[in-house]
file my_file_20.txt (compact mmCIF, C-alpha atoms)
# COMPACT_ATOMS: atom_id res chain seq x y z
CA MET C 29 0.00 0.00 0.00
CA THR C 30 1.33 3.43 -0.97
CA LYS C 31 1.63 5.72 2.01
CA GLU C 32 0.68 9.40 1.89
CA TYR C 33 3.17 12.09 2.82
CA VAL C 34 2.52 14.17 5.93
CA VAL C 35 4.39 17.37 6.76
CA LEU C 36 5.05 18.42 10.37
CA THR C 37 6.09 21.97 11.29
CA MET C 38 8.64 22.23 14.12
CA GLY C 39 7.09 25.28 15.78
CA ASP C 40 8.89 28.06 17.65
CA PRO C 41 12.55 26.98 17.92
CA ALA C 42 12.78 28.38 21.47
CA GLY C 43 9.80 26.37 22.72
CA ILE C 44 9.27 22.69 23.40
CA GLY C 45 8.39 21.92 19.76
CA PRO C 46 11.84 20.62 18.72
CA GLU C 47 12.04 18.37 21.79
CA ILE C 48 8.63 16.77 21.40
CA VAL C 49 9.31 16.31 17.67
CA CYS C 50 12.46 14.33 18.46
CA LYS C 51 10.69 12.26 21.11
CA SER C 52 7.82 11.40 18.74
CA PHE C 53 10.16 10.50 15.89
CA ALA C 54 12.06 8.12 18.16
CA LYS C 55 9.02 5.82 18.03
CA GLU C 56 8.54 3.36 15.17
CA GLU C 57 4.77 3.88 15.05
CA VAL C 58 5.19 7.40 13.68
CA PHE C 59 5.63 5.83 10.23
CA ALA C 60 2.94 3.16 10.58
CA GLU C 61 0.36 4.77 8.29
CA ALA C 62 2.17 7.59 6.44
CA ASN C 63 5.58 9.02 5.57
CA VAL C 64 6.17 11.96 7.90
CA ALA C 65 8.76 14.70 7.36
CA VAL C 66 9.51 17.81 9.42
CA VAL C 67 9.91 21.41 8.32
CA GLY C 68 12.32 23.14 10.69
CA ASP C 69 15.95 23.89 11.46
CA ALA C 70 18.32 20.93 11.44
CA ASP C 71 20.75 22.48 13.95
CA ILE C 72 17.96 23.12 16.46
CA LEU C 73 16.71 19.56 16.01
CA LYS C 74 20.23 18.21 16.55
CA LEU C 75 20.41 20.21 19.79
CA ALA C 76 17.02 18.89 20.91
CA ASN C 77 18.06 15.37 19.94
CA ASP C 78 21.10 15.65 22.22
CA ILE C 79 19.09 17.11 25.10
CA CYS C 80 16.41 14.40 24.89
CA GLN C 81 18.94 11.63 24.15
CA THR C 82 16.69 10.26 21.42
CA GLY C 83 19.56 8.95 19.30
CA LEU C 84 18.13 10.16 16.00
CA THR C 85 19.95 10.81 12.75
CA ILE C 86 18.85 14.24 11.51
CA HIS C 87 18.53 13.82 7.75
CA PRO C 88 18.07 17.02 5.67
CA ILE C 89 15.95 16.64 2.53
CA THR C 90 14.78 18.93 -0.27
CA SER C 91 11.88 16.76 -1.45
CA PHE C 92 9.65 14.07 0.03
CA GLU C 93 11.21 11.52 -2.30
CA GLU C 94 14.57 11.94 -0.54
CA GLY C 95 13.19 10.89 2.84
CA LYS C 96 14.05 7.57 4.50
CA TYR C 97 10.95 7.35 6.74
CA GLU C 98 12.39 4.78 9.09
CA ALA C 99 12.91 4.39 12.80
CA GLY C 100 15.93 6.30 14.05
CA THR C 101 15.82 8.91 11.28
CA LEU C 102 14.22 12.34 11.31
CA ASP C 103 13.79 13.64 7.76
CA VAL C 104 13.74 17.44 7.74
CA PHE C 105 13.25 20.20 5.21
CA ASP C 106 16.01 22.35 6.71
CA LEU C 107 15.27 26.07 6.40
CA ASP C 108 18.46 26.91 8.33
CA ASN C 109 16.92 30.10 9.70
CA VAL C 110 18.14 30.27 13.30
CA ASN C 111 21.43 31.85 14.38
CA MET C 112 22.85 29.26 16.75
CA GLU C 113 25.36 31.72 18.22
CA THR C 114 22.61 33.90 19.70
CA PHE C 115 19.86 31.28 20.14
CA GLU C 116 18.36 30.83 23.63
CA TRP C 117 15.71 28.39 24.81
CA GLY C 118 12.54 29.84 26.31
CA LYS C 119 12.99 33.41 25.06
CA VAL C 120 10.65 35.62 23.05
CA SER C 121 12.44 36.76 19.88
CA ALA C 122 11.61 38.13 16.47
CA GLU C 123 13.98 35.63 14.87
CA CYS C 124 12.15 32.63 16.32
CA GLY C 125 8.77 34.18 15.54
CA GLN C 126 9.80 34.62 11.91
CA ALA C 127 11.28 31.12 11.81
CA SER C 128 8.08 29.51 13.10
CA TYR C 129 6.07 31.44 10.50
CA ASP C 130 8.47 30.29 7.76
CA TYR C 131 7.96 26.65 8.80
CA ILE C 132 4.19 27.04 8.52
CA LYS C 133 4.48 28.73 5.13
CA LYS C 134 6.78 25.99 3.80
CA GLY C 135 4.44 23.32 5.17
CA TYR C 136 1.54 25.04 3.43
CA GLU C 137 3.47 25.12 0.15
CA LEU C 138 4.15 21.39 0.41
CA ALA C 139 0.51 20.61 1.18
CA LYS C 140 -1.35 23.05 -1.07
CA ASP C 141 -0.52 21.27 -4.32
CA GLY C 142 -1.07 17.78 -2.95
CA GLN C 143 2.53 16.76 -2.22
CA ALA C 144 1.49 16.29 1.41
CA ALA C 145 -1.98 15.00 2.24
CA ALA C 146 -1.92 16.44 5.75
CA MET C 147 -0.11 18.95 7.92
CA VAL C 148 0.69 18.60 11.62
CA THR C 149 1.59 21.70 13.61
CA THR C 150 3.31 22.02 16.96
CA THR C 151 3.59 25.16 19.08
CA ILE C 152 4.14 28.82 18.20
CA ASN C 153 4.45 31.89 20.41
CA LYS C 154 2.20 34.89 19.79
CA GLU C 155 4.67 37.36 21.33
CA SER C 156 7.49 36.16 19.10
CA LEU C 157 5.28 36.33 16.02
CA SER C 158 4.32 39.88 16.96
CA GLU C 159 7.98 40.81 17.51
CA ALA C 160 8.61 39.63 13.94
CA GLY C 161 5.87 41.92 12.64
CA ILE C 162 3.52 39.10 11.71
CA LYS C 163 -0.11 40.15 12.04
CA GLN C 164 -1.67 36.69 12.17
CA LEU C 165 -0.85 35.33 15.62
CA GLY C 166 -2.26 31.79 15.45
CA HIS C 167 -1.96 28.77 13.16
CA THR C 168 -5.55 28.97 11.97
CA ASP C 169 -5.29 32.68 11.18
CA ILE C 170 -1.98 32.19 9.36
CA LEU C 171 -3.33 29.29 7.29
CA GLN C 172 -6.54 31.19 6.60
CA ASP C 173 -4.45 34.05 5.21
CA LEU C 174 -2.18 31.77 3.16
CA THR C 175 -5.01 29.68 1.69
CA GLY C 176 -7.60 32.44 1.26
CA VAL C 177 -10.21 30.29 3.01
CA ASP C 178 -12.89 32.47 4.62
CA GLU C 179 -13.82 30.39 7.65
CA PRO C 180 -11.90 27.28 8.64
CA LEU C 181 -13.80 24.98 11.00
CA THR C 182 -12.11 23.75 14.18
CA MET C 183 -12.91 20.26 15.45
CA PHE C 184 -11.56 18.66 18.60
CA GLU C 185 -11.19 14.89 18.71
CA VAL C 186 -10.38 12.69 21.69
CA LYS C 187 -10.99 8.94 21.90
CA GLY C 188 -13.61 9.09 19.15
CA LEU C 189 -15.48 12.10 20.59
CA ARG C 190 -15.60 14.83 17.93
CA VAL C 191 -16.69 18.35 18.79
CA THR C 192 -17.04 21.46 16.61
CA PHE C 193 -17.58 25.02 17.78
CA TYR C 194 -20.33 27.50 16.94
CA SER C 195 -18.15 30.35 18.21
CA LYS C 196 -14.62 30.61 19.55
CA HIS C 197 -12.80 33.66 20.90
CA VAL C 198 -15.65 35.91 21.98
CA SER C 199 -17.07 36.75 25.40
CA LEU C 200 -19.70 34.44 26.86
CA LYS C 201 -22.31 37.19 26.51
CA GLU C 202 -21.46 37.67 22.85
CA ALA C 203 -21.46 33.90 22.29
CA CYS C 204 -25.06 33.78 23.54
CA ASP C 205 -26.04 36.77 21.40
CA LEU C 206 -24.61 35.08 18.30
CA ILE C 207 -27.02 32.12 18.47
CA SER C 208 -29.51 32.12 15.58
CA LYS C 209 -31.56 29.59 13.67
CA GLU C 210 -29.58 30.10 10.48
CA GLY C 211 -26.30 29.92 12.35
CA ILE C 212 -27.25 26.58 13.92
CA LYS C 213 -28.14 25.20 10.50
CA HIS C 214 -24.92 26.53 8.97
CA TYR C 215 -22.57 25.04 11.56
CA THR C 216 -24.46 21.76 11.77
CA LYS C 217 -24.13 21.24 8.03
CA ARG C 218 -20.46 22.20 8.13
CA THR C 219 -19.95 19.66 10.92
CA MET C 220 -21.64 17.03 8.75
CA GLU C 221 -19.30 17.85 5.86
CA ALA C 222 -16.25 17.68 8.13
CA LEU C 223 -17.25 14.28 9.46
CA LYS C 224 -17.68 12.96 5.93
CA THR C 225 -14.13 14.02 5.00
CA LEU C 226 -12.93 11.87 7.91
CA GLY C 227 -14.69 8.85 6.46
CA VAL C 228 -17.91 8.94 8.51
CA GLU C 229 -20.74 7.90 6.22
CA ASP C 230 -24.20 9.35 6.87
CA PRO C 231 -23.08 11.14 10.06
CA SER C 232 -25.29 12.09 12.97
CA VAL C 233 -24.78 15.32 14.90
CA ALA C 234 -26.15 16.41 18.26
CA ILE C 235 -26.60 20.05 19.24
CA ALA C 236 -25.56 20.89 22.81
CA GLY C 237 -28.00 22.98 24.79
CA LEU C 238 -26.96 26.52 25.60
CA ASN C 239 -28.83 27.09 28.84
CA PRO C 240 -29.16 24.89 31.96
CA HIS C 241 -31.55 22.01 31.17
CA CYS C 242 -31.87 23.47 27.64
CA GLY C 243 -33.79 26.39 29.12
CA ASP C 244 -36.53 24.28 30.76
CA GLY C 245 -39.22 25.56 28.44
CA GLY C 246 -37.99 29.16 28.57
CA LEU C 247 -37.52 29.42 32.32
CA PHE C 248 -33.74 29.84 31.94
CA GLY C 249 -33.46 31.46 28.51
CA ARG C 250 -35.23 31.29 25.16
CA GLU C 251 -32.37 30.48 22.78
CA GLU C 252 -33.45 26.84 22.55
CA ILE C 253 -37.08 27.76 21.85
CA ASP C 254 -36.42 30.66 19.47
CA SER C 255 -33.42 29.38 17.51
CA ILE C 256 -32.10 25.88 18.22
CA ILE C 257 -35.31 23.81 18.15
CA PRO C 258 -36.65 25.49 14.96
CA ALA C 259 -33.29 24.90 13.25
CA VAL C 260 -33.23 21.24 14.26
CA GLU C 261 -36.83 20.71 13.12
CA GLU C 262 -36.17 22.28 9.72
CA MET C 263 -33.05 20.18 9.18
CA GLN C 264 -34.80 16.99 10.28
CA ALA C 265 -37.55 17.74 7.76
CA GLU C 266 -34.79 17.82 5.12
CA GLY C 267 -33.61 14.38 6.21
CA VAL C 268 -30.56 15.57 8.15
CA LYS C 269 -29.60 13.31 11.07
CA VAL C 270 -29.42 16.06 13.67
CA TYR C 271 -30.66 15.82 17.25
CA GLY C 272 -31.16 18.28 20.06
CA PRO C 273 -30.84 20.45 21.83
CA ILE C 274 -29.48 18.00 24.38
CA GLY C 275 -28.25 19.14 27.79
CA ALA C 276 -24.54 19.90 27.80
CA ASP C 277 -24.13 17.80 30.94
CA SER C 278 -25.17 14.70 28.95
CA VAL C 279 -24.57 15.14 25.23
CA PHE C 280 -20.78 14.89 25.22
CA HIS C 281 -20.83 11.68 27.25
CA GLN C 282 -23.46 10.24 24.93
CA ALA C 283 -21.29 11.02 21.89
CA LEU C 284 -18.23 9.55 23.59
CA MET C 285 -20.23 6.34 24.05
CA GLY C 286 -21.01 6.32 20.31
CA LYS C 287 -24.58 7.59 20.21
CA TYR C 288 -23.64 10.49 17.90
CA ASP C 289 -20.79 10.98 15.43
CA GLY C 290 -20.26 14.58 16.44
CA VAL C 291 -21.44 17.35 18.74
CA LEU C 292 -21.88 21.03 17.92
CA SER C 293 -20.71 22.98 20.97
CA LEU C 294 -22.30 26.41 21.23
CA TYR C 295 -19.38 28.28 22.76
CA HIS C 296 -15.64 27.91 23.28
CA ASP C 297 -15.30 26.56 26.82
CA GLN C 298 -18.33 24.28 26.59
CA GLY C 299 -16.55 22.02 24.10
CA HIS C 300 -13.02 22.58 25.36
CA ILE C 301 -13.86 21.47 28.89
CA ALA C 302 -15.85 18.47 27.67
CA THR C 303 -13.05 17.12 25.48
CA LYS C 304 -10.11 17.92 27.74
CA MET C 305 -11.75 16.26 30.73
CA VAL C 306 -11.84 13.02 28.73
CA ASP C 307 -8.06 13.15 28.17
CA PHE C 308 -6.25 16.47 28.31
CA ASP C 309 -3.07 15.26 26.59
CA ARG C 310 -4.81 13.44 23.75
CA THR C 311 -7.31 16.14 22.78
CA ILE C 312 -6.31 17.12 19.24
CA SER C 313 -7.40 20.04 17.09
CA ILE C 314 -8.35 19.28 13.48
CA THR C 315 -8.85 22.18 11.06
CA HIS C 316 -11.42 21.60 8.31
CA GLY C 317 -12.17 23.74 5.28
CA LEU C 318 -8.54 24.04 4.16
CA PRO C 319 -7.31 22.41 0.91
CA PHE C 320 -5.55 19.84 3.13
CA LEU C 321 -6.07 18.20 6.51
CA ARG C 322 -4.40 19.89 9.47
CA THR C 323 -4.05 18.50 12.99
CA SER C 324 -2.36 20.16 15.92
CA VAL C 325 -1.29 19.74 19.50
CA ASP C 326 -3.45 21.74 21.88
CA HIS C 327 -0.83 23.18 24.21
CA GLY C 328 1.62 26.06 24.17
CA THR C 329 5.36 26.59 23.74
CA ALA C 330 6.03 26.02 27.48
CA PHE C 331 9.02 28.37 27.51
CA ASP C 332 9.50 27.65 31.22
CA ILE C 333 10.64 24.08 30.52
CA ALA C 334 12.02 24.45 26.98
CA GLY C 335 15.50 23.03 26.57
CA THR C 336 15.28 20.81 29.65
CA GLY C 337 14.16 17.60 27.92
CA VAL C 338 11.17 17.04 30.21
CA ALA C 339 8.37 18.04 27.79
CA ASP C 340 5.74 15.35 27.17
CA GLU C 341 5.20 14.35 23.55
CA ILE C 342 1.88 12.48 23.97
CA SER C 343 -0.20 15.24 22.37
CA LEU C 344 2.08 15.34 19.33
CA ASP C 345 2.01 11.54 19.08
CA GLU C 346 -1.77 11.73 18.85
CA ALA C 347 -1.76 14.64 16.37
CA ILE C 348 0.57 12.67 14.10
CA ARG C 349 -1.49 9.50 14.50
CA LEU C 350 -4.73 11.23 13.52
CA ALA C 351 -3.14 13.05 10.58
CA CYS C 352 -1.70 9.80 9.25
CA HIS C 353 -4.92 7.89 9.92
CA TYR C 354 -7.18 10.40 8.16
CA SER C 355 -4.82 11.65 5.43
CA GLY C 356 -5.82 9.16 2.74
CA ARG C 357 -9.54 9.54 3.40
CA PHE C 358 -9.34 13.32 3.44
CA LYS C 359 -7.35 13.46 0.22
CA ALA C 360 -9.80 11.11 -1.51
CA ALA C 361 -12.77 13.19 -0.35
CA HIS C 362 -11.06 16.42 -1.41
CA ASP C 363 -10.15 15.03 -4.84
CA GLN C 364 -13.79 14.04 -5.42
CA ALA C 365 -15.11 17.48 -4.41

call {"tool": "encode", "arguments": {"input": "my_file_20.txt", "output": "structure tokens"}}
result
Amino acid sequence: MTKEYVVLTMGDPAGIGPEIVCKSFAKEEVFAEANVAVVGDADILKLANDICQTGLTIHPITSFEEGKYEAGTLDVFDLDNVNMETFEWGKVSAECGQASYDYIKKGYELAKDGQAAAMVTTTINKESLSEAGIKQLGHTDILQDLTGVDEPLTMFEVKGLRVTFYSKHVSLKEACDLISKEGIKHYTKRTMEALKTLGVEDPSVAIAGLNPHCGDGGLFGREEIDSIIPAVEEMQAEGVKVYGPIGADSVFHQALMGKYDGVLSLYHDQGHIATKMVDFDRTISITHGLPFLRTSVDHGTAFDIAGTGVADEISLDEAIRLACHYSGRFKAAHDQA
């Protein structure tokens, strides 16, 4: 079976990204389902390799075809963009902010034309990006700008529980004000499309309630009555397998047990808390709506422990696993679109 190529961006050189990359690549299973190569700085990776004592051979490449994709080897597109004489672990710097942006841009270039079926991202630092004069301070915003996609959809996955988000970085009051019938229909259908690209046939989606007990007939808010229920009824009349609203204290557990293929969370923390309480380290972010699949760790650069070798790679292991697992299905779905 021919394996897809997956590109992994190293992240901010001064953060824990290089260390967790080396630790993940020291495991044979990283190549089980796809051929994975890193975009980063070979000298930084060599330093991280020494610190973590992972015993890897850092192997610079200029194309995917040059990679070895075997245990004990880390194939890297070496951008050689960090001055090792002035480099410091755990420090905000314009150089590292620019370097981390360059890794993302190169990863995008490798994925946009189909060379790579998926992209895995590690950690970047908003302050360093800002120091470098970069206006987009997050992976999703950077990729949105590079691809020209209007509205990427974020999905969290952990142990088969998949959650999308109606809104993200807005106040709780604004999140409530944003709820509308048309919005519920829009994000439900986008969630359905995202699930299909992951290989879920005829998916079912549950809508989490916004208010306690879904409002209890309007006693604790009318969003369910005025917006969510009408949206669900209209979609059900169209044959869409959507259910809800279902109390947020129950719906995520039900989906984890397999009752639903996905859950639409109605605000940021509602879905974040639900997924991270299942398994904080293995909750992975998947970005849909891009020309390629993107998965990511869901933690920061951890400057306070960078360069010490103690960073845990479990989240990156899972991000790589999901990218490799879904890459072929996503590419096939995208090619048919």

call {"tool": "closest_residue", "arguments": {"input": "my_file_20.txt", "among": "C:Glu57, C:Asp40, C:Asp103, C:Glu47", "to": "Lys154 in chain C", "atoms": "all atoms listed in the file"}}
result
C:Asp40

call {"tool": "closest_residue", "arguments": {"input": "my_file_20.txt", "among": "C:Thr37, C:Thr336, C:Thr219, C:Thr85", "to": "Phe184 in chain C", "atoms": "all atoms listed in the file"}}
result
C:Thr219

call {"tool": "residues_near_point", "arguments": {"input": "my_file_20.txt", "point": "(6.6, 12.1, 16.2)", "cutoff": "12 Å", "atoms": "only C-alpha atoms", "output": "number ranges by chain"}}
result
C: 34-38, 45-60, 62-66, 82, 84, 97-103, 148-150, 325, 340-352

call {"tool": "closest_residue", "arguments": {"input": "my_file_20.txt", "among": "C:Val279, C:Ile44, C:Val233, C:Met305", "to": "Gly118 in chain C", "atoms": "all atoms listed in the file"}}
result
C:Ile44

call {"tool": "atom_distance", "arguments": {"input": "my_file_20.txt", "atom1": "CA of Glu32 in chain C", "atom2": "CA of Ile86 in chain C"}}
result
21.1 Å

call {"tool": "closest_residue", "arguments": {"input": "my_file_20.txt", "among": "C:Gly43, C:Ser128, C:Ile207, C:Lys119", "to": "Ser293 in chain C", "atoms": "only C-alpha atoms"}}
result
C:Ile207

call {"tool": "residues_around", "arguments": {"input": "my_file_20.txt", "residues": "His316 in chain C", "least_positions_apart": "3", "cutoff": "9 Å", "atoms": "all atoms listed in the file", "output": "list in words"}}
result
Pro180, Leu181, Thr182, Met183, Ala222, Thr225, Pro319, Phe320, Leu321 and Arg322 of chain C

call {"tool": "write_last_selection", "arguments": {"input": "my_file_20.txt", "atoms": "C-alpha atoms", "output": "tab-separated table (two decimals), in the coordinates of the input"}}
result
chain	number	residue	atom	x	y	z
C	180	PRO	CA	-11.90	27.28	8.64
C	181	LEU	CA	-13.80	24.98	11.00
C	182	THR	CA	-12.11	23.75	14.18
C	183	MET	CA	-12.91	20.26	15.45
C	222	ALA	CA	-16.25	17.68	8.13
C	225	THR	CA	-14.13	14.02	5.00
C	319	PRO	CA	-7.31	22.41	0.91
C	320	PHE	CA	-5.55	19.84	3.13
C	321	LEU	CA	-6.07	18.20	6.51
C	322	ARG	CA	-4.40	19.89	9.47
